[in-house]
file target_17.txt (compact mmCIF, C-alpha atoms)
# COMPACT_ATOMS: atom_id res chain seq x y z
CA MET A 58 237.94 -41.54 97.85
CA SER A 59 239.72 -40.98 101.16
CA THR A 60 238.13 -40.95 104.60
CA ASP A 61 238.91 -37.20 104.73
CA ASP A 62 236.83 -36.65 101.58
CA ILE A 63 233.94 -38.61 103.04
CA ALA A 64 234.18 -36.84 106.41
CA ALA A 65 233.92 -33.44 104.74
CA THR A 66 230.16 -33.85 104.41
CA ASP A 67 229.38 -36.15 107.34
CA LEU A 68 225.90 -36.33 108.79
CA PRO A 69 225.36 -35.81 112.52
CA ALA A 70 225.77 -39.01 114.53
CA SER A 71 222.54 -40.73 115.54
CA LYS A 72 221.34 -43.83 117.35
CA LEU A 73 220.02 -44.94 113.94
CA GLY A 74 223.66 -45.59 113.07
CA THR A 75 224.15 -48.17 115.83
CA GLN A 76 223.60 -51.91 115.74
CA GLU A 77 221.88 -51.79 119.13
CA TYR A 78 219.13 -49.61 117.69
CA TRP A 79 218.40 -52.01 114.82
CA ASP A 80 218.64 -55.08 117.06
CA ASN A 81 215.91 -53.57 119.24
CA ILE A 82 213.78 -52.65 116.22
CA TYR A 83 213.85 -56.15 114.77
CA GLN A 84 213.35 -57.82 118.13
CA ARG A 85 210.11 -55.84 118.48
CA GLU A 86 209.11 -56.71 114.91
CA GLN A 87 209.82 -60.39 115.59
CA THR A 88 207.53 -60.25 118.61
CA ALA A 89 204.80 -58.58 116.55
CA PHE A 90 205.22 -61.18 113.80
CA ASN A 91 204.98 -64.02 116.30
CA ASP A 92 201.93 -62.49 117.98
CA ILE A 93 199.86 -61.14 115.09
CA GLY A 94 201.68 -62.03 111.86
CA ASP A 95 202.79 -58.45 111.14
CA GLU A 96 205.89 -58.69 108.93
CA GLY A 97 207.10 -55.21 109.90
CA GLU A 98 207.93 -51.99 108.12
CA VAL A 99 208.87 -51.76 104.46
CA TRP A 100 211.79 -49.33 104.57
CA PHE A 101 211.10 -46.33 102.26
CA GLY A 102 207.66 -47.75 101.52
CA GLU A 103 206.32 -50.28 99.05
CA GLU A 104 206.47 -47.81 96.15
CA SER A 105 210.26 -47.74 96.42
CA GLU A 106 210.38 -51.52 96.22
CA VAL A 107 208.13 -51.49 93.16
CA LYS A 108 210.55 -49.08 91.47
CA ILE A 109 213.56 -51.23 92.40
CA LEU A 110 211.79 -54.29 91.05
CA GLU A 111 210.99 -52.51 87.78
CA TRP A 112 214.61 -51.38 87.46
CA CYS A 113 215.84 -54.91 88.10
CA GLU A 114 213.45 -56.45 85.57
CA ASP A 115 214.56 -53.92 82.94
CA ASN A 116 218.28 -54.41 83.52
CA LEU A 117 218.63 -57.92 84.94
CA PRO A 118 215.58 -60.05 84.16
CA PRO A 119 215.15 -63.33 86.05
CA SER A 120 217.77 -65.94 85.25
CA PRO A 121 219.08 -68.97 87.16
CA ASP A 122 222.60 -67.66 86.59
CA LEU A 123 222.11 -64.43 88.54
CA LYS A 124 223.31 -63.63 92.05
CA ILE A 125 221.50 -60.76 93.76
CA LEU A 126 222.58 -59.32 97.12
CA ASP A 127 220.40 -57.13 99.35
CA LEU A 128 222.61 -55.11 101.71
CA GLY A 129 220.93 -54.52 105.06
CA THR A 130 218.06 -56.82 104.20
CA GLY A 131 216.03 -56.07 107.34
CA ASN A 132 212.89 -58.20 107.24
CA GLY A 133 213.80 -59.50 103.78
CA HIS A 134 210.75 -57.92 102.13
CA LEU A 135 212.56 -56.78 98.97
CA LEU A 136 213.87 -60.29 98.33
CA PHE A 137 210.41 -61.76 98.85
CA GLU A 138 209.08 -59.32 96.24
CA LEU A 139 211.80 -60.38 93.81
CA GLU A 140 210.95 -64.04 94.41
CA GLU A 141 207.29 -63.33 93.77
CA ALA A 142 208.26 -61.57 90.51
CA GLY A 143 209.95 -64.70 89.22
CA TYR A 144 213.51 -64.51 90.50
CA GLU A 145 214.60 -67.92 91.72
CA PRO A 146 215.18 -68.11 95.49
CA SER A 147 218.60 -69.67 94.94
CA THR A 148 219.73 -66.46 93.23
CA LEU A 149 218.74 -64.22 96.16
CA PHE A 150 220.95 -63.34 99.13
CA GLY A 151 220.31 -61.00 102.06
CA VAL A 152 222.83 -59.82 104.65
CA ASP A 153 222.43 -57.70 107.76
CA TYR A 154 224.62 -57.06 110.79
CA SER A 155 221.63 -57.42 113.09
CA PRO A 156 221.00 -61.04 114.15
CA SER A 157 217.43 -59.99 114.99
CA SER A 158 216.92 -58.92 111.37
CA ILE A 159 218.13 -62.25 110.01
CA ALA A 160 215.99 -64.21 112.47
CA LEU A 161 212.92 -62.22 111.43
CA ALA A 162 213.60 -62.61 107.70
CA LYS A 163 214.01 -66.38 108.11
CA SER A 164 210.78 -66.57 110.13
CA ILE A 165 208.85 -64.71 107.44
CA ALA A 166 210.33 -66.89 104.69
CA ALA A 167 209.28 -70.02 106.57
CA GLU A 168 205.77 -68.69 107.12
CA ARG A 169 205.46 -67.81 103.43
CA GLY A 170 206.75 -71.22 102.45
CA ILE A 171 209.73 -69.79 100.56
CA GLU A 172 212.81 -71.98 100.50
CA GLY A 173 216.23 -71.23 99.06
CA ILE A 174 216.81 -67.54 99.83
CA ILE A 175 220.04 -67.21 101.83
CA PHE A 176 219.90 -64.85 104.81
CA GLU A 177 223.19 -64.31 106.61
CA GLU A 178 224.31 -62.22 109.55
CA ARG A 179 227.19 -60.11 108.29
CA ASP A 180 228.70 -56.67 108.78
CA ILE A 181 229.24 -55.28 105.29
CA THR A 182 232.11 -53.10 106.52
CA ALA A 183 234.06 -56.17 107.73
CA GLU A 184 236.69 -57.91 105.63
CA LEU A 185 235.21 -59.96 102.79
CA PRO A 186 235.99 -63.66 102.34
CA PRO A 187 237.76 -64.35 99.01
CA SER A 188 234.68 -66.09 97.62
CA GLU A 189 232.71 -62.84 97.78
CA PHE A 190 234.96 -60.79 95.51
CA GLY A 191 233.13 -60.13 92.25
CA ALA A 192 230.43 -62.60 93.24
CA TYR A 193 227.24 -60.65 92.51
CA ASP A 194 225.51 -59.48 89.35
CA PHE A 195 223.37 -57.04 91.30
CA VAL A 196 223.92 -55.44 94.70
CA VAL A 197 221.14 -53.25 96.07
CA ASP A 198 221.01 -50.90 99.05
CA LYS A 199 217.82 -49.27 100.29
CA GLY A 200 218.74 -47.20 103.34
CA THR A 201 221.76 -49.13 104.63
CA PHE A 202 224.36 -46.56 103.58
CA ASP A 203 222.10 -43.96 105.21
CA ALA A 204 222.30 -45.81 108.52
CA ILE A 205 226.05 -46.36 108.22
CA SER A 206 226.43 -42.64 107.55
CA LEU A 207 224.95 -41.95 111.01
CA ASN A 208 227.44 -44.20 112.81
CA PRO A 209 228.85 -42.34 115.85
CA THR A 210 232.35 -43.78 115.26
CA GLY A 211 233.02 -41.41 112.37
CA SER A 212 233.72 -41.66 108.66
CA LEU A 213 235.68 -44.92 108.51
CA PRO A 214 232.59 -47.20 108.21
CA ARG A 215 231.46 -45.20 105.16
CA ALA A 216 234.85 -45.56 103.50
CA LEU A 217 234.92 -49.30 104.23
CA TYR A 218 231.38 -49.66 102.89
CA ALA A 219 232.37 -48.03 99.58
CA GLU A 220 235.34 -50.38 99.21
CA ARG A 221 233.34 -53.50 100.05
CA VAL A 222 230.48 -52.69 97.69
CA PHE A 223 232.84 -52.19 94.77
CA SER A 224 234.52 -55.51 95.57
CA LEU A 225 231.22 -57.41 95.76
CA VAL A 226 230.01 -56.50 92.27
CA LYS A 227 231.27 -58.65 89.41
CA PRO A 228 232.57 -56.97 86.24
CA GLY A 229 229.58 -56.00 84.15
CA GLY A 230 227.33 -56.10 87.21
CA TYR A 231 225.36 -53.32 88.90
CA PHE A 232 225.13 -51.57 92.24
CA LEU A 233 221.88 -49.68 92.86
CA ILE A 234 221.44 -47.45 95.89
CA VAL A 235 218.39 -45.59 97.21
CA SER A 236 218.97 -42.95 99.88
CA CYS A 237 216.92 -40.55 101.97
CA ASN A 238 219.96 -38.68 103.37
CA TRP A 239 222.16 -37.95 100.37
CA THR A 240 221.65 -36.27 97.00
CA GLU A 241 222.59 -37.98 93.76
CA LYS A 242 225.68 -35.78 93.52
CA GLU A 243 226.75 -36.71 97.05
CA LEU A 244 226.18 -40.42 96.41
CA GLU A 245 228.31 -40.22 93.28
CA GLU A 246 231.07 -38.39 95.18
CA LYS A 247 231.04 -40.86 98.08
CA LEU A 248 230.58 -44.15 96.23
CA GLY A 249 231.87 -43.54 92.73
CA ARG A 250 235.39 -44.63 91.86
CA GLU A 251 237.48 -45.76 88.94
CA GLY A 252 235.81 -48.82 87.50
CA PHE A 253 232.31 -47.79 88.62
CA VAL A 254 230.41 -46.03 85.82
CA ARG A 255 227.19 -44.23 86.61
CA ASP A 256 224.40 -45.94 84.69
CA GLY A 257 221.08 -44.32 85.48
CA GLY A 258 219.10 -44.95 88.63
CA ILE A 259 215.54 -44.56 89.86
CA LYS A 260 213.53 -41.36 89.67
CA PHE A 261 211.32 -40.51 92.62
CA LYS A 262 208.72 -37.82 93.24
CA SER A 263 210.19 -34.33 93.08
CA PHE A 264 209.21 -31.23 95.01
CA GLU A 265 210.13 -27.56 95.21
CA PHE A 266 210.35 -25.50 98.39
CA GLY A 267 211.65 -21.95 98.64
CA GLY A 268 212.89 -22.11 95.08
CA VAL A 269 214.97 -25.23 95.80
CA LYS A 270 214.15 -28.44 93.95
CA GLY A 271 214.56 -31.83 95.52
CA SER A 272 213.15 -35.35 95.51
CA GLU A 273 211.68 -37.73 98.05
CA TYR A 274 214.62 -40.12 97.69
CA SER A 275 217.84 -40.13 95.69
CA SER A 276 219.09 -43.04 93.63
CA ILE A 277 222.09 -43.94 91.50
CA ALA A 278 223.04 -47.09 89.64
CA PHE A 279 226.69 -47.90 89.03
CA ARG A 280 227.90 -50.48 86.53
CA LYS A 281 231.27 -52.11 87.15
CA VAL A 282 233.51 -51.87 84.12
CA GLU A 283 234.52 -55.19 82.61
CA ALA A 284 238.23 -55.82 82.41

call {"tool": "encode", "arguments": {"input": "target_17.txt", "output": "structure tokens"}}
result
Amino acid sequence: MSTDDIAATDLPASKLGTQEYWDNIYQREQTAFNDIGDEGEVWFGEESEVKILEWCEDNLPPSPDLKILDLGTGNGHLLFELEEAGYEPSTLFGVDYSPSSIALAKSIAAERGIEGIIFEERDITAELPPSEFGAYDFVVDKGTFDAISLNPTGSLPRALYAERVFSLVKPGGYFLIVSCNWTEKELEEKLGREGFVRDGGIKFKSFEFGGVKGSEYSSIAFRKVEA
């Protein structure tokens, strides 16, 4: 998909699409964690994490051979839930472009006594090192593409994100996304490409207003075709 295709349905720019905003958020959460032990917000709520965990257990049960990547890991809460569910810490990786996020996630891991999860400061839209191509069995995004979609610089970050995600997933692996800004159809249009086959997703609470049906969040899973 071209940047023109992605720009055709852009969202309005917002401060939520800037690194400065998230740096400030996680700096405040780090202070709260240091002061009172509050680990911070669970993005999209704990129910969404339960559903992601259930999807992961159904499709990729715990194995020492797995590599799981959480894009925009924030406070690392999703990875901690996976570790608690039996996924080995050495199989879990979290990246975020906010250094404050990574510092907070590492602090929480240390406090919980969890060793082995890799948290790394990284901009997912930047060029990937060769070792990352096809490296992960499961890549998950819960709100990161939403934030990137609000970036004031335009549509290029979204296009780069789509390319990077496809490159990260190994053949036969999965990419699961949960969004509060895009419909399933829009996610498929923006992130689908040759070699990515839609393979289910997560169903969230639905609602109807004014004769229009919708859901609390949208989700799609893509499976990368094996060569």

call {"tool": "residues_around", "arguments": {"input": "target_17.txt", "residues": "segment 133-138 of chain A", "least_positions_apart": "6", "cutoff": "8 Å", "atoms": "all atoms listed in the file", "output": "PyMOL selection string"}}
result
chain A and resi 99+106+110+127+149-151+162+166+174

call {"tool": "closest_atom_pairs", "arguments": {"input": "target_17.txt", "of": "segment 68-109 of chain A", "to": "segment 237-249 of chain A", "cutoff": "12 Å", "atoms": "only C-alpha atoms", "output": "Markdown table"}}
result
| residue | atom | partner | partner_atom | distance |
| --- | --- | --- | --- | --- |
| A:Leu68 | CA | A:Asn238 | CA | 8.4 |
| A:Pro69 | CA | A:Asn238 | CA | 11.0 |
| A:Trp100 | CA | A:Cys237 | CA | 10.5 |
| A:Phe101 | CA | A:Cys237 | CA | 8.2 |
| A:Gly102 | CA | A:Cys237 | CA | 11.7 |
| A:Ser105 | CA | A:Cys237 | CA | 11.3 |

call {"tool": "write_last_selection", "arguments": {"input": "target_17.txt", "atoms": "C-alpha atoms", "output": "CSV table (one decimal), in the coordinates of the input"}}
result
chain,number,residue,atom,x,y,z
A,68,LEU,CA,225.9,-36.3,108.8
A,69,PRO,CA,225.4,-35.8,112.5
A,100,TRP,CA,211.8,-49.3,104.6
A,101,PHE,CA,211.1,-46.3,102.3
A,102,GLY,CA,207.7,-47.8,101.5
A,105,SER,CA,210.3,-47.7,96.4

call {"tool": "atom_distance", "arguments": {"input": "target_17.txt", "atom1": "atom CA of Ile234 of chain A", "atom2": "atom CA of Glu103 of chain A"}}
result
15.7 Å

call {"tool": "atom_distance", "arguments": {"input": "target_17.txt", "atom1": "atom CA of Lys124 of chain A", "atom2": "atom CA of Val196 of chain A"}}
result
8.6 Å

call {"tool": "closest_residue", "arguments": {"input": "target_17.txt", "among": "A:Pro214, A:Gly97, A:Gly131, A:Pro118", "to": "Glu178 of chain A", "atoms": "all atoms listed in the file"}}
result
A:Gly131

call {"tool": "residues_around", "arguments": {"input": "target_17.txt", "residues": "Arg255 of chain A", "least_positions_apart": "2", "cutoff": "9 Å", "atoms": "all atoms listed in the file", "output": "PyMOL selection string"}}
result
chain A and resi 245+249+253+257-258+277-281

call {"tool": "residues_around", "arguments": {"input": "target_17.txt", "residues": "Leu128 of chain A", "least_positions_apart": "2", "cutoff": "9 Å", "atoms": "all atoms listed in the file", "output": "NGL selection string"}}
result
:A and (126 or 130-131 or 150-153 or 181 or 196-202)

call {"tool": "residues_around", "arguments": {"input": "target_17.txt", "residues": "Pro156 of chain A", "least_positions_apart": "3", "cutoff": "9 Å", "atoms": "all atoms listed in the file", "output": "number ranges by chain"}}
result
A: 80, 83, 153, 159-161, 177-179

call {"tool": "atom_distance", "arguments": {"input": "target_17.txt", "atom1": "atom CA of Arg215 of chain A", "atom2": "atom CA of Glu251 of chain A"}}
result
17.3 Å

call {"tool": "axis_aligned_box", "arguments": {"input": "target_17.txt", "around": "segment 83-86 of chain A", "padding_each_side": "8 Å", "output": "lines of an AutoDock Vina configuration file"}}
result
center_x = 211.5
center_y = -56.8
center_z = 116.6
size_x = 20.7
size_y = 18.0
size_z = 19.7

call {"tool": "residues_around", "arguments": {"input": "target_17.txt", "residues": "Pro146 of chain A", "least_positions_apart": "5", "cutoff": "7 Å", "atoms": "all atoms listed in the file", "output": "number ranges by chain"}}
result
A: 140, 172-174

call {"tool": "closest_residue", "arguments": {"input": "target_17.txt", "among": "A:Ala284, A:Tyr274, A:Ile165, A:Gly229", "to": "Ala89 of chain A", "atoms": "only C-alpha atoms"}}
result
A:Ile165

call {"tool": "closest_residue", "arguments": {"input": "target_17.txt", "among": "A:Gly129, A:Gly170, A:Pro187, A:Pro119", "to": "Glu145 of chain A", "atoms": "all atoms listed in the file"}}
result
A:Pro119

call {"tool": "decode", "arguments": {"input": "target_17.txt", "residues": "segment 125-155 of chain A", "atoms": "N, CA and C atoms", "output": "PDB file, in the first residue's frame"}}
result
ATOM      1  N   ILE A 125       8.335 -13.536  21.055  1.00  0.00           N
ATOM      2  CA  ILE A 125       7.141 -12.701  21.073  1.00  0.00           C
ATOM      3  C   ILE A 125       7.556 -11.248  21.258  1.00  0.00           C
ATOM      4  N   LEU A 126       7.044 -10.373  20.392  1.00  0.00           N
ATOM      5  CA  LEU A 126       7.406  -8.952  20.433  1.00  0.00           C
ATOM      6  C   LEU A 126       6.180  -8.095  20.679  1.00  0.00           C
ATOM      7  N   ASP A 127       6.250  -7.262  21.710  1.00  0.00           N
ATOM      8  CA  ASP A 127       5.197  -6.312  22.046  1.00  0.00           C
ATOM      9  C   ASP A 127       5.617  -4.935  21.530  1.00  0.00           C
ATOM     10  N   LEU A 128       4.899  -4.447  20.520  1.00  0.00           N
ATOM     11  CA  LEU A 128       5.220  -3.145  19.919  1.00  0.00           C
ATOM     12  C   LEU A 128       4.591  -2.019  20.738  1.00  0.00           C
ATOM     13  N   GLY A 129       5.410  -1.086  21.189  1.00  0.00           N
ATOM     14  CA  GLY A 129       4.894  -0.013  22.040  1.00  0.00           C
ATOM     15  C   GLY A 129       4.520  -0.592  23.394  1.00  0.00           C
ATOM     16  N   THR A 130       5.490  -1.175  24.054  1.00  0.00           N
ATOM     17  CA  THR A 130       5.221  -1.971  25.258  1.00  0.00           C
ATOM     18  C   THR A 130       4.743  -1.156  26.447  1.00  0.00           C
ATOM     19  N   GLY A 131       4.996   0.163  26.451  1.00  0.00           N
ATOM     20  CA  GLY A 131       4.531   0.988  27.565  1.00  0.00           C
ATOM     21  C   GLY A 131       5.146   0.557  28.878  1.00  0.00           C
ATOM     22  N   ASN A 132       4.295   0.211  29.844  1.00  0.00           N
ATOM     23  CA  ASN A 132       4.810  -0.233  31.148  1.00  0.00           C
ATOM     24  C   ASN A 132       5.108  -1.728  31.184  1.00  0.00           C
ATOM     25  N   GLY A 133       4.980  -2.402  30.031  1.00  0.00           N
ATOM     26  CA  GLY A 133       5.328  -3.812  29.960  1.00  0.00           C
ATOM     27  C   GLY A 133       4.281  -4.765  30.499  1.00  0.00           C
ATOM     28  N   HIS A 134       3.102  -4.265  30.845  1.00  0.00           N
ATOM     29  CA  HIS A 134       2.110  -5.063  31.554  1.00  0.00           C
ATOM     30  C   HIS A 134       1.691  -6.308  30.781  1.00  0.00           C
ATOM     31  N   LEU A 135       1.513  -6.194  29.464  1.00  0.00           N
ATOM     32  CA  LEU A 135       1.109  -7.352  28.676  1.00  0.00           C
ATOM     33  C   LEU A 135       2.147  -8.473  28.760  1.00  0.00           C
ATOM     34  N   LEU A 136       3.410  -8.115  28.689  1.00  0.00           N
ATOM     35  CA  LEU A 136       4.464  -9.122  28.775  1.00  0.00           C
ATOM     36  C   LEU A 136       4.522  -9.763  30.158  1.00  0.00           C
ATOM     37  N   PHE A 137       4.249  -8.983  31.189  1.00  0.00           N
ATOM     38  CA  PHE A 137       4.217  -9.553  32.535  1.00  0.00           C
ATOM     39  C   PHE A 137       3.062 -10.561  32.667  1.00  0.00           C
ATOM     40  N   GLU A 138       1.939 -10.254  32.013  1.00  0.00           N
ATOM     41  CA  GLU A 138       0.809 -11.186  32.030  1.00  0.00           C
ATOM     42  C   GLU A 138       1.159 -12.471  31.287  1.00  0.00           C
ATOM     43  N   LEU A 139       1.857 -12.354  30.175  1.00  0.00           N
ATOM     44  CA  LEU A 139       2.279 -13.533  29.430  1.00  0.00           C
ATOM     45  C   LEU A 139       3.246 -14.384  30.264  1.00  0.00           C
ATOM     46  N   GLU A 140       4.161 -13.717  30.955  1.00  0.00           N
ATOM     47  CA  GLU A 140       5.109 -14.442  31.807  1.00  0.00           C
ATOM     48  C   GLU A 140       4.361 -15.175  32.911  1.00  0.00           C
ATOM     49  N   GLU A 141       3.384 -14.536  33.487  1.00  0.00           N
ATOM     50  CA  GLU A 141       2.602 -15.156  34.553  1.00  0.00           C
ATOM     51  C   GLU A 141       1.815 -16.355  34.034  1.00  0.00           C
ATOM     52  N   ALA A 142       1.435 -16.307  32.738  1.00  0.00           N
ATOM     53  CA  ALA A 142       0.660 -17.396  32.142  1.00  0.00           C
ATOM     54  C   ALA A 142       1.530 -18.569  31.697  1.00  0.00           C
ATOM     55  N   GLY A 143       2.841 -18.451  31.876  1.00  0.00           N
ATOM     56  CA  GLY A 143       3.704 -19.576  31.581  1.00  0.00           C
ATOM     57  C   GLY A 143       4.656 -19.395  30.421  1.00  0.00           C
ATOM     58  N   TYR A 144       4.624 -18.221  29.788  1.00  0.00           N
ATOM     59  CA  TYR A 144       5.579 -17.948  28.721  1.00  0.00           C
ATOM     60  C   TYR A 144       6.930 -17.573  29.333  1.00  0.00           C
ATOM     61  N   GLU A 145       7.980 -18.214  28.869  1.00  0.00           N
ATOM     62  CA  GLU A 145       9.296 -17.995  29.459  1.00  0.00           C
ATOM     63  C   GLU A 145       9.772 -16.565  29.191  1.00  0.00           C
ATOM     64  N   PRO A 146      10.331 -15.911  30.208  1.00  0.00           N
ATOM     65  CA  PRO A 146      10.799 -14.530  30.021  1.00  0.00           C
ATOM     66  C   PRO A 146      11.759 -14.366  28.852  1.00  0.00           C
ATOM     67  N   SER A 147      12.575 -15.373  28.601  1.00  0.00           N
ATOM     68  CA  SER A 147      13.553 -15.264  27.519  1.00  0.00           C
ATOM     69  C   SER A 147      12.917 -15.225  26.137  1.00  0.00           C
ATOM     70  N   THR A 148      11.615 -15.538  26.064  1.00  0.00           N
ATOM     71  CA  THR A 148      10.916 -15.510  24.777  1.00  0.00           C
ATOM     72  C   THR A 148      10.173 -14.191  24.561  1.00  0.00           C
ATOM     73  N   LEU A 149      10.238 -13.295  25.533  1.00  0.00           N
ATOM     74  CA  LEU A 149       9.421 -12.079  25.523  1.00  0.00           C
ATOM     75  C   LEU A 149      10.287 -10.837  25.303  1.00  0.00           C
ATOM     76  N   PHE A 150       9.833  -9.982  24.373  1.00  0.00           N
ATOM     77  CA  PHE A 150      10.568  -8.775  24.015  1.00  0.00           C
ATOM     78  C   PHE A 150       9.584  -7.603  23.932  1.00  0.00           C
ATOM     79  N   GLY A 151       9.988  -6.464  24.477  1.00  0.00           N
ATOM     80  CA  GLY A 151       9.157  -5.271  24.405  1.00  0.00           C
ATOM     81  C   GLY A 151       9.961  -4.089  23.907  1.00  0.00           C
ATOM     82  N   VAL A 152       9.420  -3.362  22.924  1.00  0.00           N
ATOM     83  CA  VAL A 152      10.099  -2.178  22.407  1.00  0.00           C
ATOM     84  C   VAL A 152       9.165  -0.972  22.498  1.00  0.00           C
ATOM     85  N   ASP A 153       9.774   0.187  22.669  1.00  0.00           N
ATOM     86  CA  ASP A 153       9.025   1.444  22.722  1.00  0.00           C
ATOM     87  C   ASP A 153       9.985   2.567  22.391  1.00  0.00           C
ATOM     88  N   TYR A 154       9.491   3.593  21.692  1.00  0.00           N
ATOM     89  CA  TYR A 154      10.386   4.700  21.344  1.00  0.00           C
ATOM     90  C   TYR A 154      10.577   5.674  22.487  1.00  0.00           C
ATOM     91  N   SER A 155       9.815   5.493  23.562  1.00  0.00           N
ATOM     92  CA  SER A 155       9.943   6.368  24.720  1.00  0.00           C
ATOM     93  C   SER A 155      10.916   5.772  25.726  1.00  0.00           C
TER      94      SER A 155
END
